[in-house]
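Listing of data_39.cif, mmCIF, C-alpha atoms
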data_model
loop_
_atom_site.group_PDB
_atom_site.id
_atom_site.type_symbol
_atom_site.label_atom_id
_atom_site.label_comp_id
_atom_site.auth_asym_id
_atom_site.auth_seq_id
_atom_site.Cartn_x
_atom_site.Cartn_y
_atom_site.Cartn_z
ATOM 1 C CA MET U 1 0.000 0.000 0.000
ATOM 2 C CA GLY U 2 1.678 3.169 -1.199
ATOM 3 C CA PRO U 3 2.168 6.386 0.776
ATOM 4 C CA ASN U 4 -0.950 8.007 -0.691
ATOM 5 C CA GLY U 5 -3.084 4.900 -0.325
ATOM 6 C CA LYS U 6 -6.068 4.862 2.021
ATOM 7 C CA VAL U 7 -7.729 1.572 2.769
ATOM 8 C CA HIS U 8 -10.807 0.852 4.837
ATOM 9 C CA ALA U 9 -10.922 -2.922 4.684
ATOM 10 C CA ASN U 10 -9.490 -6.085 6.111
ATOM 11 C CA VAL U 11 -6.417 -7.326 4.278
ATOM 12 C CA LYS U 12 -5.122 -10.870 3.970
ATOM 13 C CA ALA U 13 -1.988 -11.746 2.040
ATOM 14 C CA ARG U 14 1.304 -13.577 2.290
ATOM 15 C CA GLU U 15 3.279 -10.356 2.750
ATOM 16 C CA ILE U 16 1.931 -6.845 3.415
ATOM 17 C CA ILE U 17 3.919 -3.600 3.274
ATOM 18 C CA VAL U 18 2.134 -0.456 4.481
ATOM 19 C CA LEU U 19 3.254 3.080 3.702
ATOM 20 C CA GLY U 20 -0.180 4.736 3.650
ATOM 21 C CA THR U 21 -3.253 4.664 5.865
ATOM 22 C CA VAL U 22 -5.135 1.507 6.738
ATOM 23 C CA HIS U 23 -8.229 1.090 8.889
ATOM 24 C CA GLY U 24 -8.861 -2.615 9.139
ATOM 25 C CA ASN U 25 -7.441 -5.889 10.339
ATOM 26 C CA MET U 26 -4.521 -7.485 8.546
ATOM 27 C CA GLU U 27 -3.409 -11.088 8.390
ATOM 28 C CA ALA U 28 -0.184 -12.156 6.729
ATOM 29 C CA GLY U 29 1.142 -15.673 6.291
ATOM 30 C CA ASP U 30 4.695 -14.433 6.208
ATOM 31 C CA LYS U 31 5.341 -10.781 7.115
ATOM 32 C CA ILE U 32 3.792 -7.384 7.804
ATOM 33 C CA GLU U 33 5.993 -4.350 7.351
ATOM 34 C CA ILE U 34 4.897 -0.952 8.699
ATOM 35 C CA ARG U 35 6.980 1.867 7.260
ATOM 36 C CA ASN U 36 7.633 5.112 9.131
ATOM 37 C CA GLU U 37 5.000 7.205 7.351
ATOM 38 C CA ALA U 38 2.276 4.592 7.766
ATOM 39 C CA LYS U 39 -0.861 4.989 9.885
ATOM 40 C CA LEU U 40 -2.514 1.779 10.819
ATOM 41 C CA VAL U 41 -5.559 1.137 12.990
ATOM 42 C CA GLY U 42 -6.588 -2.471 13.350
ATOM 43 C CA ASP U 43 -5.550 -5.860 14.634
ATOM 44 C CA LEU U 44 -2.600 -7.688 13.113
ATOM 45 C CA ARG U 45 -1.890 -11.383 12.873
ATOM 46 C CA THR U 46 1.339 -12.441 11.250
ATOM 47 C CA ALA U 47 4.370 -14.694 11.499
ATOM 48 C CA ARG U 48 6.832 -11.783 11.408
ATOM 49 C CA ILE U 49 6.517 -8.032 11.788
ATOM 50 C CA VAL U 50 8.838 -5.153 10.933
ATOM 51 C CA ILE U 51 8.068 -1.695 12.328
ATOM 52 C CA GLU U 52 9.935 1.454 11.414
ATOM 53 C CA ASP U 53 10.308 4.321 13.874
ATOM 54 C CA GLY U 54 7.674 6.997 13.354
ATOM 55 C CA ALA U 55 4.883 4.685 12.270
ATOM 56 C CA TYR U 56 1.520 5.114 13.978
ATOM 57 C CA PHE U 57 -0.232 1.968 15.046
ATOM 58 C CA LYS U 58 -3.234 1.383 17.226
ATOM 59 C CA GLY U 59 -4.466 -2.123 17.784
ATOM 60 C CA SER U 60 -3.299 -5.565 18.736
ATOM 61 C CA ILE U 61 -0.460 -7.687 17.428
ATOM 62 C CA ASP U 62 -0.490 -11.466 17.428
ATOM 63 C CA VAL U 63 2.707 -13.040 16.217
ATOM 64 C CA VAL U 64 1.958 -16.577 15.164
ATOM 65 C CA ARG U 65 4.983 -18.764 15.618
ATOM 66 C CA ALA U 66 5.340 -21.348 12.877
ATOM 67 C CA GLU U 67 4.983 -24.774 14.397
ATOM 68 C CA THR U 68 7.859 -27.096 13.631
ATOM 69 C CA PRO U 69 6.405 -30.219 12.015
ATOM 70 C CA LYS U 70 7.168 -33.340 13.928
ATOM 71 C CA ALA U 71 9.729 -35.379 12.075
ATOM 72 C CA PRO U 72 8.907 -39.053 11.540
ATOM 73 C CA PRO U 73 10.997 -41.369 13.664
ATOM 74 C CA ALA U 74 14.311 -42.000 11.996
ATOM 75 C CA PRO U 75 14.925 -45.575 10.862
ATOM 76 C CA PRO U 76 17.653 -47.371 12.743
ATOM 77 C CA GLN U 77 20.966 -46.499 11.173
ATOM 78 C CA LYS U 78 23.156 -49.208 9.863
ATOM 79 C CA PRO U 79 26.835 -48.512 9.917
ATOM 80 C CA ALA U 80 27.784 -47.540 6.374
ATOM 81 C CA PRO U 81 30.472 -49.665 4.882
ATOM 82 C CA SER U 82 33.656 -47.695 4.499
ATOM 83 C CA PRO U 83 34.655 -47.222 0.880
ATOM 84 C CA PRO U 84 37.949 -48.727 0.106
ATOM 85 C CA VAL U 85 40.625 -46.059 0.023
ATOM 86 C CA ALA U 86 43.854 -46.772 -1.665
ATOM 87 C CA SER U 87 46.834 -46.165 0.449
ATOM 88 C CA GLY U 88 48.386 -42.732 -0.221
ATOM 89 C CA VAL U 89 45.272 -41.322 -2.023
ATOM 90 C CA ARG U 90 43.346 -38.502 -0.215
ATOM 91 C CA PRO U 91 39.563 -38.631 -0.429
ATOM 92 C CA GLU U 92 38.124 -35.916 -2.667
ATOM 93 C CA THR U 93 36.856 -32.832 -0.846
ATOM 94 C CA PRO U 94 33.414 -31.613 -1.989
ATOM 95 C CA LYS U 95 33.741 -28.488 -4.180
ATOM 96 C CA THR U 96 31.114 -26.545 -2.245
ATOM 97 C CA ALA U 97 33.039 -26.915 0.953
ATOM 98 C CA VAL U 98 36.187 -25.668 -0.774
ATOM 99 C CA ALA U 99 34.347 -22.667 -2.241
ATOM 100 C CA ALA U 100 32.868 -21.755 1.137
ATOM 101 C CA ALA U 101 36.249 -21.823 2.761
ATOM 102 C CA GLU U 102 37.894 -19.568 0.218
ATOM 103 C CA PRO U 103 38.054 -15.902 1.236
ATOM 104 C CA LYS U 104 36.373 -13.441 -1.118
ATOM 105 C CA SER U 105 38.806 -11.318 -3.057
ATOM 106 C CA MET H 1 24.228 7.612 45.954
ATOM 107 C CA SER H 2 24.801 10.195 43.221
ATOM 108 C CA GLU H 3 22.064 10.844 40.701
ATOM 109 C CA ARG H 4 22.638 10.620 36.996
ATOM 110 C CA PRO H 5 21.228 13.585 35.112
ATOM 111 C CA MET H 6 18.640 13.004 32.415
ATOM 112 C CA THR H 7 20.103 13.525 28.975
ATOM 113 C CA HIS H 8 18.819 14.069 25.482
ATOM 114 C CA GLU H 9 20.824 11.141 24.168
ATOM 115 C CA ALA H 10 19.695 7.560 23.820
ATOM 116 C CA GLN H 11 20.729 5.529 26.819
ATOM 117 C CA LEU H 12 20.434 2.077 28.254
ATOM 118 C CA LYS H 13 18.987 1.863 31.725
ATOM 119 C CA ARG H 14 18.963 -1.069 34.087
ATOM 120 C CA SER H 15 15.394 -1.316 35.314
ATOM 121 C CA HIS H 16 14.396 -3.309 38.387
ATOM 122 C CA GLY H 17 10.814 -2.203 37.861
ATOM 123 C CA LEU H 18 10.754 -3.689 34.388
ATOM 124 C CA SER H 19 12.405 -6.840 35.684
ATOM 125 C CA HIS H 20 9.659 -7.182 38.304
ATOM 126 C CA PHE H 21 6.925 -6.549 35.727
ATOM 127 C CA VAL H 22 8.390 -9.168 33.366
ATOM 128 C CA SER H 23 8.476 -11.695 36.204
ATOM 129 C CA THR H 24 4.693 -11.291 36.526
ATOM 130 C CA ILE H 25 3.984 -12.111 32.872
ATOM 131 C CA ARG H 26 6.728 -14.594 32.082
ATOM 132 C CA ASP H 27 5.340 -17.853 33.382
ATOM 133 C CA GLU H 28 2.080 -17.904 31.465
ATOM 134 C CA ALA H 29 1.604 -17.519 27.699
ATOM 135 C CA GLY H 30 -1.378 -16.019 25.897
ATOM 136 C CA LEU H 31 -1.744 -12.908 28.054
ATOM 137 C CA THR H 32 -2.983 -9.541 26.800
ATOM 138 C CA ILE H 33 -0.574 -6.688 27.463
ATOM 139 C CA LEU H 34 -1.207 -3.001 26.798
ATOM 140 C CA ASP H 35 1.650 -0.652 25.850
ATOM 141 C CA LEU H 36 0.709 3.044 26.111
ATOM 142 C CA GLY H 37 4.008 4.330 24.732
ATOM 143 C CA GLY H 38 3.291 3.841 21.041
ATOM 144 C CA ILE H 39 4.560 1.060 18.878
ATOM 145 C CA SER H 40 8.196 -0.008 18.709
ATOM 146 C CA GLN H 41 9.879 -3.010 17.197
ATOM 147 C CA GLN H 42 11.669 -3.871 20.439
ATOM 148 C CA ASN H 43 8.567 -3.936 22.609
ATOM 149 C CA VAL H 44 6.606 -5.925 20.055
ATOM 150 C CA ASN H 45 9.437 -8.445 19.774
ATOM 151 C CA PHE H 46 9.838 -8.776 23.523
ATOM 152 C CA VAL H 47 6.185 -9.138 24.466
ATOM 153 C CA THR H 48 5.228 -11.422 21.585
ATOM 154 C CA SER H 49 8.315 -13.591 22.180
ATOM 155 C CA LEU H 50 6.772 -14.453 25.557
ATOM 156 C CA GLY H 51 3.725 -15.723 23.696
ATOM 157 C CA HIS H 52 1.495 -12.739 24.494
ATOM 158 C CA ARG H 53 -0.730 -10.449 22.473
ATOM 159 C CA LEU H 54 0.344 -6.818 22.559
ATOM 160 C CA TYR H 55 -2.085 -3.919 22.322
ATOM 161 C CA SER H 56 -0.313 -0.771 21.249
ATOM 162 C CA GLU H 57 -1.639 2.717 21.927
ATOM 163 C CA ASP H 58 0.190 6.029 21.484
ATOM 164 C CA PHE H 59 -1.397 7.704 24.495
ATOM 165 C CA LEU H 60 0.247 11.129 24.103
ATOM 166 C CA ARG H 61 -0.376 11.301 20.363
ATOM 167 C CA THR H 62 -4.042 10.546 20.915
ATOM 168 C CA LEU H 63 -4.131 13.139 23.715
ATOM 169 C CA ASP H 64 -2.620 15.796 21.459
ATOM 170 C CA SER H 65 -5.048 14.988 18.651
ATOM 171 C CA LEU H 66 -8.006 15.631 20.994
ATOM 172 C CA THR H 67 -6.606 18.679 22.784
ATOM 173 C CA GLY H 68 -7.809 21.993 21.412
ATOM 174 C CA PRO H 69 -5.926 25.316 21.498
ATOM 175 C CA ASP H 70 -8.249 26.589 24.239
ATOM 176 C CA ASP H 71 -7.794 23.539 26.448
ATOM 177 C CA PRO H 72 -5.498 23.746 29.474
ATOM 178 C CA PRO H 73 -2.177 21.888 29.379
ATOM 179 C CA GLY H 74 -2.679 18.181 29.781
ATOM 180 C CA GLY H 75 -5.705 17.434 27.688
ATOM 181 C CA PRO H 76 -9.334 18.293 27.133
ATOM 182 C CA ALA H 77 -11.274 20.008 29.891
ATOM 183 C CA GLN H 78 -14.844 19.042 29.028
ATOM 184 C CA SER H 79 -16.068 15.775 30.472
ATOM 185 C CA ALA H 80 -17.493 14.654 27.126
ATOM 186 C CA GLU H 81 -14.104 15.140 25.482
ATOM 187 C CA ILE H 82 -12.357 13.363 28.340
ATOM 188 C CA GLY H 83 -14.767 10.483 27.828
ATOM 189 C CA ALA H 84 -13.993 10.421 24.108
ATOM 190 C CA PHE H 85 -10.268 10.382 24.844
ATOM 191 C CA LEU H 86 -10.589 7.488 27.288
ATOM 192 C CA GLN H 87 -12.768 5.627 24.838
ATOM 193 C CA GLN H 88 -10.061 5.908 22.199
ATOM 194 C CA CYS H 89 -7.194 4.899 24.485
ATOM 195 C CA PHE H 90 -8.851 2.274 26.646
ATOM 196 C CA ASP H 91 -11.381 0.564 24.453
ATOM 197 C CA PHE H 92 -11.335 -2.688 26.424
ATOM 198 C CA GLY H 93 -13.853 -4.659 28.397
ATOM 199 C CA PRO H 94 -13.680 -5.042 32.189
ATOM 200 C CA GLY H 95 -10.759 -7.181 33.334
ATOM 201 C CA MET H 96 -9.590 -7.778 29.773
ATOM 202 C CA LEU H 97 -5.940 -6.841 30.287
ATOM 203 C CA ASP H 98 -3.324 -8.980 32.028
ATOM 204 C CA GLY H 99 -0.719 -6.220 32.279
ATOM 205 C CA ALA H 100 0.054 -2.685 31.178
ATOM 206 C CA LEU H 101 3.195 -0.778 30.294
ATOM 207 C CA VAL H 102 2.078 2.711 31.230
ATOM 208 C CA TRP H 103 5.562 4.333 31.270
ATOM 209 C CA ASP H 104 5.459 8.039 32.239
ATOM 210 C CA VAL H 105 2.374 9.162 30.328
ATOM 211 C CA LEU H 106 0.246 9.886 33.410
ATOM 212 C CA GLN H 107 2.413 12.884 34.296
ATOM 213 C CA TYR H 108 1.560 14.729 31.089
ATOM 214 C CA ILE H 109 -2.182 14.881 31.647
ATOM 215 C CA SER H 110 -4.349 17.206 33.678
ATOM 216 C CA ARG H 111 -5.859 16.156 36.998
ATOM 217 C CA PRO H 112 -9.382 15.401 35.660
ATOM 218 C CA VAL H 113 -7.984 13.316 32.790
ATOM 219 C CA LEU H 114 -5.550 11.593 35.158
ATOM 220 C CA LEU H 115 -8.219 10.536 37.646
ATOM 221 C CA ALA H 116 -10.488 9.298 34.872
ATOM 222 C CA ALA H 117 -7.603 7.385 33.259
ATOM 223 C CA VAL H 118 -6.638 5.685 36.537
ATOM 224 C CA ASP H 119 -10.277 4.691 37.128
ATOM 225 C CA ARG H 120 -10.443 3.252 33.625
ATOM 226 C CA LEU H 121 -7.203 1.304 34.114
ATOM 227 C CA TYR H 122 -8.671 -0.157 37.284
ATOM 228 C CA GLU H 123 -11.688 -1.381 35.322
ATOM 229 C CA ILE H 124 -9.880 -2.924 32.363
ATOM 230 C CA LEU H 125 -7.108 -4.705 34.296
ATOM 231 C CA ARG H 126 -8.008 -8.086 35.706
ATOM 232 C CA PRO H 127 -7.545 -8.506 39.457
ATOM 233 C CA GLY H 128 -3.929 -9.470 40.129
ATOM 234 C CA ALA H 129 -2.602 -7.847 36.947
ATOM 235 C CA HIS H 130 0.359 -5.467 37.156
ATOM 236 C CA MET H 131 1.216 -2.094 35.653
ATOM 237 C CA PHE H 132 4.692 -0.693 35.179
ATOM 238 C CA LEU H 133 4.924 3.093 35.508
ATOM 239 C CA ILE H 134 7.675 5.690 35.523
ATOM 240 C CA PHE H 135 7.505 9.064 37.268
ATOM 241 C CA HIS H 136 9.893 11.942 36.873
ATOM 242 C CA THR H 137 11.145 13.267 40.194
ATOM 243 C CA ALA H 138 10.662 16.948 39.235
ATOM 244 C CA GLU H 139 8.876 18.786 42.054
ATOM 245 C CA ARG H 140 7.126 21.372 39.918
ATOM 246 C CA PRO H 141 5.602 21.369 36.408
ATOM 247 C CA GLN H 142 8.450 21.871 33.969
ATOM 248 C CA PRO H 143 9.683 20.508 30.649
ATOM 249 C CA VAL H 144 11.467 17.191 30.986
ATOM 250 C CA PRO H 145 13.091 14.911 28.410
ATOM 251 C CA LEU H 146 10.462 12.866 26.639
ATOM 252 C CA TYR H 147 11.546 9.310 25.924
ATOM 253 C CA SER H 148 10.334 6.373 23.963
ATOM 254 C CA TYR H 149 10.844 3.495 26.390
ATOM 255 C CA ARG H 150 11.954 0.337 24.610
ATOM 256 C CA ILE H 151 12.606 -3.039 26.143
ATOM 257 C CA SER H 152 16.093 -4.302 25.330
ATOM 258 C CA ASP H 153 15.804 -7.326 27.569
ATOM 259 C CA ALA H 154 13.974 -8.376 30.730
ATOM 260 C CA GLU H 155 15.903 -5.907 32.884
ATOM 261 C CA THR H 156 17.157 -3.246 30.487
ATOM 262 C CA LEU H 157 15.356 -0.293 28.951
ATOM 263 C CA HIS H 158 16.536 1.629 25.926
ATOM 264 C CA LEU H 159 15.519 5.278 26.364
ATOM 265 C CA VAL H 160 15.198 6.953 22.974
ATOM 266 C CA PRO H 161 14.769 10.754 23.176
ATOM 267 C CA ARG H 162 11.724 12.394 21.567
ATOM 268 C CA GLY H 163 12.404 15.997 22.557
ATOM 269 C CA THR H 164 10.971 17.587 25.686
ATOM 270 C CA ARG H 165 7.474 17.919 27.066
ATOM 271 C CA PRO H 166 6.187 19.752 30.143
ATOM 272 C CA ILE H 167 4.945 17.528 32.907
ATOM 273 C CA VAL H 168 1.614 18.655 34.339
ATOM 274 C CA GLN H 169 1.451 16.452 37.418
ATOM 275 C CA CYS H 170 4.200 16.115 40.024
ATOM 276 C CA PHE H 171 4.141 13.331 42.573
ATOM 277 C CA ASN H 172 6.010 12.206 45.619
ATOM 278 C CA ASN H 173 5.707 8.613 46.822
ATOM 279 C CA ARG H 174 2.743 9.429 49.046
ATOM 280 C CA GLY H 175 0.953 11.112 46.155
ATOM 281 C CA ILE H 176 1.479 8.042 43.982
ATOM 282 C CA GLU H 177 0.130 5.775 46.728
ATOM 283 C CA ARG H 178 -2.948 7.975 47.047
ATOM 284 C CA LEU H 179 -3.467 7.970 43.278
ATOM 285 C CA PHE H 180 -3.604 4.164 43.241
ATOM 286 C CA GLU H 181 -5.294 3.625 46.583
ATOM 287 C CA ARG H 182 -8.053 1.529 44.973
ATOM 288 C CA PHE H 183 -5.424 -0.895 43.698
ATOM 289 C CA GLY H 184 -4.036 -3.841 45.628
ATOM 290 C CA ALA H 185 -0.408 -2.804 46.061
ATOM 291 C CA VAL H 186 2.118 -0.174 45.024
ATOM 292 C CA LYS H 187 5.829 -0.944 44.945
ATOM 293 C CA PHE H 188 8.620 1.582 44.389
ATOM 294 C CA PHE H 189 12.054 0.938 42.933
ATOM 295 C CA LEU H 190 15.008 3.181 43.660
ATOM 296 C CA THR H 191 16.942 4.387 40.646
ATOM 297 C CA ARG H 192 20.073 6.438 40.216
ATOM 298 C CA ASP H 193 18.534 8.804 37.690
ATOM 299 C CA ASN H 194 15.629 11.219 37.970
ATOM 300 C CA LEU H 195 13.060 8.575 37.156
ATOM 301 C CA ARG H 196 11.059 6.732 39.796
ATOM 302 C CA GLU H 197 9.897 3.245 38.809
ATOM 303 C CA VAL H 198 6.634 1.940 40.181
ATOM 304 C CA ILE H 199 4.773 -1.350 39.980
ATOM 305 C CA VAL H 200 1.069 -1.233 40.734
ATOM 306 C CA LYS H 201 -0.919 -4.398 41.296
ATOM 307 C CA ARG H 202 -4.621 -4.395 40.512
#
Could you render the structure from this file as structure tokens?
Amino acid sequence: MGPNGKVHANVKAREIIVLGTVHGNMEAGDKIEIRNEAKLVGDLRTARIVIEDGAYFKGSIDVVRAETPKAPPAPPQKPAPSPPVASGVRPETPKTAVAAAEPKS
Amino acid sequence: MSERPMTHEAQLKRSHGLSHFVSTIRDEAGLTILDLGGISQQNVNFVTSLGHRLYSEDFLRTLDSLTGPDDPPGGPAQSAEIGAFLQQCFDFGPGMLDGALVWDVLQYISRPVLLAAVDRLYEILRPGAHMFLIFHTAERPQPVPLYSYRISDAETLHLVPRGTRPIVQCFNNRGIERLFERFGAVKFFLTRDNLREVIVKR
């Protein structure tokens, strides 16, 4: 919602960014962002919220913590057979690990 | 004990009053907490991280919006306007709130608005709920630094300056006790600055 926007309605979306004026409740699956010039009157329900200094807000805030899904029980682990390594030959290092360890120039 | 002067710079302040307030809302999730200091990221993060719902109200901004040029300092003078102000700030049912961060806002309002606001707080807080308040130690009405009080952690406040504002009401400890005489208990916390921290139990 842009800085000149005026909304009198409830809003539901994945992500909501407010710069203008909103009178209504808002529900976001992911994030609500209230910028410093925003005026917002209503109740908010969201997973995350970002509020800039200077914003006006009147209402309630419910931050809904995402529930961690229960992982299925892990099958019993069998000891993996060690690959045969020839004497004097170093096992190959994964390239991603090498790239992550290199300092950026 | 030497007193630290109030400054116009942001500062961190160890707060035993805040620590006590947090201890009253920490053990139970799903509470409803009112913050009268206006919205801030830190306070939202802190209160919601405890599993609570936060109601945010910018008490002084609402007061200023309803105060006319002919009104005395500290808010509207007519009872109908005072009622409208309270309706805007405290639009809650009886016993609906489990705690309130009042900060220092009660010192910036006139006596009639103050008494009506305290009565309203008594109605909307559930029995046993706590309020955290701050009072400047100034002994006469005068401009004082206006802060946005932000919770850094359970025992630390971040005081962010917002200019100055004249206080209208001055209190000593006895005056504060009298103001909240309907409430269950009033507890004072000594500080090294010019701010007096108070916990009031409904």
Item to check | Option closest in space to Ser110 of chain H, from H:Gln41, H:Gln169, H:Gln142, H:Gln87 [counting only C-alpha atoms] | outcome: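 Closest to Ser110 of chain H of all the choices is H:Gln169.
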Under the rule of at most 7 Å, produce a per-residue listing of chain H near chain U: chain, number, name, the closest pair of atoms, and the distance in Å, as JSON lines, using all atoms listed in the file.
{"residue": "H:Ile39", "atom": "CA", "partner": "U:Phe57", "partner_atom": "CA", "distance": 6.2}
{"residue": "H:Ser40", "atom": "CA", "partner": "U:Ile51", "partner_atom": "CA", "distance": 6.6}
{"residue": "H:Gln41", "atom": "CA", "partner": "U:Ile51", "partner_atom": "CA", "distance": 5.4}
{"residue": "H:Thr48", "atom": "CA", "partner": "U:Val63", "partner_atom": "CA", "distance": 6.1}
{"residue": "H:Arg53", "atom": "CA", "partner": "U:Asp62", "partner_atom": "CA", "distance": 5.2}
{"residue": "H:Leu54", "atom": "CA", "partner": "U:Ile61", "partner_atom": "CA", "distance": 5.3}
{"residue": "H:Tyr55", "atom": "CA", "partner": "U:Ser60", "partner_atom": "CA", "distance": 4.1}
{"residue": "H:Ser56", "atom": "CA", "partner": "U:Lys58", "partner_atom": "CA", "distance": 5.4}
{"residue": "H:Glu57", "atom": "CA", "partner": "U:Lys58", "partner_atom": "CA", "distance": 5.1}
Next on the checklist: Could you list, as a ChimeraX atom specification, every residue within 12 Å of segment 3-8 of chain U, counting all atoms listed in the file and ignoring same-chain residues fewer than 5 positions away?
Outcome noted: /U:17-26,34-42,55
Next on the checklist: Give me, as a list in words, all polymer residues having an atom no more than 9 Å from Leu66 of chain H, counting all atoms listed in the file and skipping those fewer than 5 positions away in the same chain.
Outcome noted: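 Close residues of Leu66 of chain H: Arg61, Gly75, Pro76, Glu81, Ile82, Ala84 and Phe85 of chain H.
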Item to check | One-decimal distance in Å that lies between atom CA of Cys89 of chain H and atom CA of Leu63 of chain H | outcome: 8.8 Å
Could you add the missing atoms to segment 45-57 of chain U, up to N, CA and C atoms, and return them as a PDB file, in the coordinates of the input?
ATOM      1  N   ARG U  45      -2.251  -9.991  12.589  1.00  0.00           N
ATOM      2  CA  ARG U  45      -1.890 -11.383  12.873  1.00  0.00           C
ATOM      3  C   ARG U  45      -0.883 -11.792  11.805  1.00  0.00           C
ATOM      4  N   THR U  46       0.285 -12.179  12.226  1.00  0.00           N
ATOM      5  CA  THR U  46       1.339 -12.441  11.250  1.00  0.00           C
ATOM      6  C   THR U  46       2.413 -13.342  11.862  1.00  0.00           C
ATOM      7  N   ALA U  47       3.252 -13.895  11.002  1.00  0.00           N
ATOM      8  CA  ALA U  47       4.370 -14.694  11.499  1.00  0.00           C
ATOM      9  C   ALA U  47       5.538 -13.791  11.885  1.00  0.00           C
ATOM     10  N   ARG U  48       5.736 -12.712  11.112  1.00  0.00           N
ATOM     11  CA  ARG U  48       6.832 -11.783  11.408  1.00  0.00           C
ATOM     12  C   ARG U  48       6.316 -10.371  11.224  1.00  0.00           C
ATOM     13  N   ILE U  49       6.930  -9.427  11.950  1.00  0.00           N
ATOM     14  CA  ILE U  49       6.517  -8.032  11.788  1.00  0.00           C
ATOM     15  C   ILE U  49       7.745  -7.128  11.850  1.00  0.00           C
ATOM     16  N   VAL U  50       7.760  -6.139  10.964  1.00  0.00           N
ATOM     17  CA  VAL U  50       8.838  -5.153  10.933  1.00  0.00           C
ATOM     18  C   VAL U  50       8.197  -3.775  11.085  1.00  0.00           C
ATOM     19  N   ILE U  51       8.666  -3.008  12.044  1.00  0.00           N
ATOM     20  CA  ILE U  51       8.068  -1.695  12.328  1.00  0.00           C
ATOM     21  C   ILE U  51       9.156  -0.630  12.283  1.00  0.00           C
ATOM     22  N   GLU U  52       8.969   0.356  11.458  1.00  0.00           N
ATOM     23  CA  GLU U  52       9.935   1.454  11.414  1.00  0.00           C
ATOM     24  C   GLU U  52       9.548   2.519  12.442  1.00  0.00           C
ATOM     25  N   ASP U  53      10.558   3.211  12.958  1.00  0.00           N
ATOM     26  CA  ASP U  53      10.308   4.321  13.874  1.00  0.00           C
ATOM     27  C   ASP U  53       9.463   5.389  13.187  1.00  0.00           C
ATOM     28  N   GLY U  54       8.510   5.933  13.900  1.00  0.00           N
ATOM     29  CA  GLY U  54       7.674   6.997  13.354  1.00  0.00           C
ATOM     30  C   GLY U  54       6.323   6.514  12.871  1.00  0.00           C
ATOM     31  N   ALA U  55       6.175   5.214  12.706  1.00  0.00           N
ATOM     32  CA  ALA U  55       4.883   4.685  12.270  1.00  0.00           C
ATOM     33  C   ALA U  55       3.861   4.845  13.389  1.00  0.00           C
ATOM     34  N   TYR U  56       2.602   5.049  12.990  1.00  0.00           N
ATOM     35  CA  TYR U  56       1.520   5.114  13.978  1.00  0.00           C
ATOM     36  C   TYR U  56       0.727   3.829  13.896  1.00  0.00           C
ATOM     37  N   PHE U  57       0.558   3.191  15.025  1.00  0.00           N
ATOM     38  CA  PHE U  57      -0.232   1.968  15.046  1.00  0.00           C
ATOM     39  C   PHE U  57      -1.089   1.936  16.291  1.00  0.00           C
TER      40      PHE U  57
END
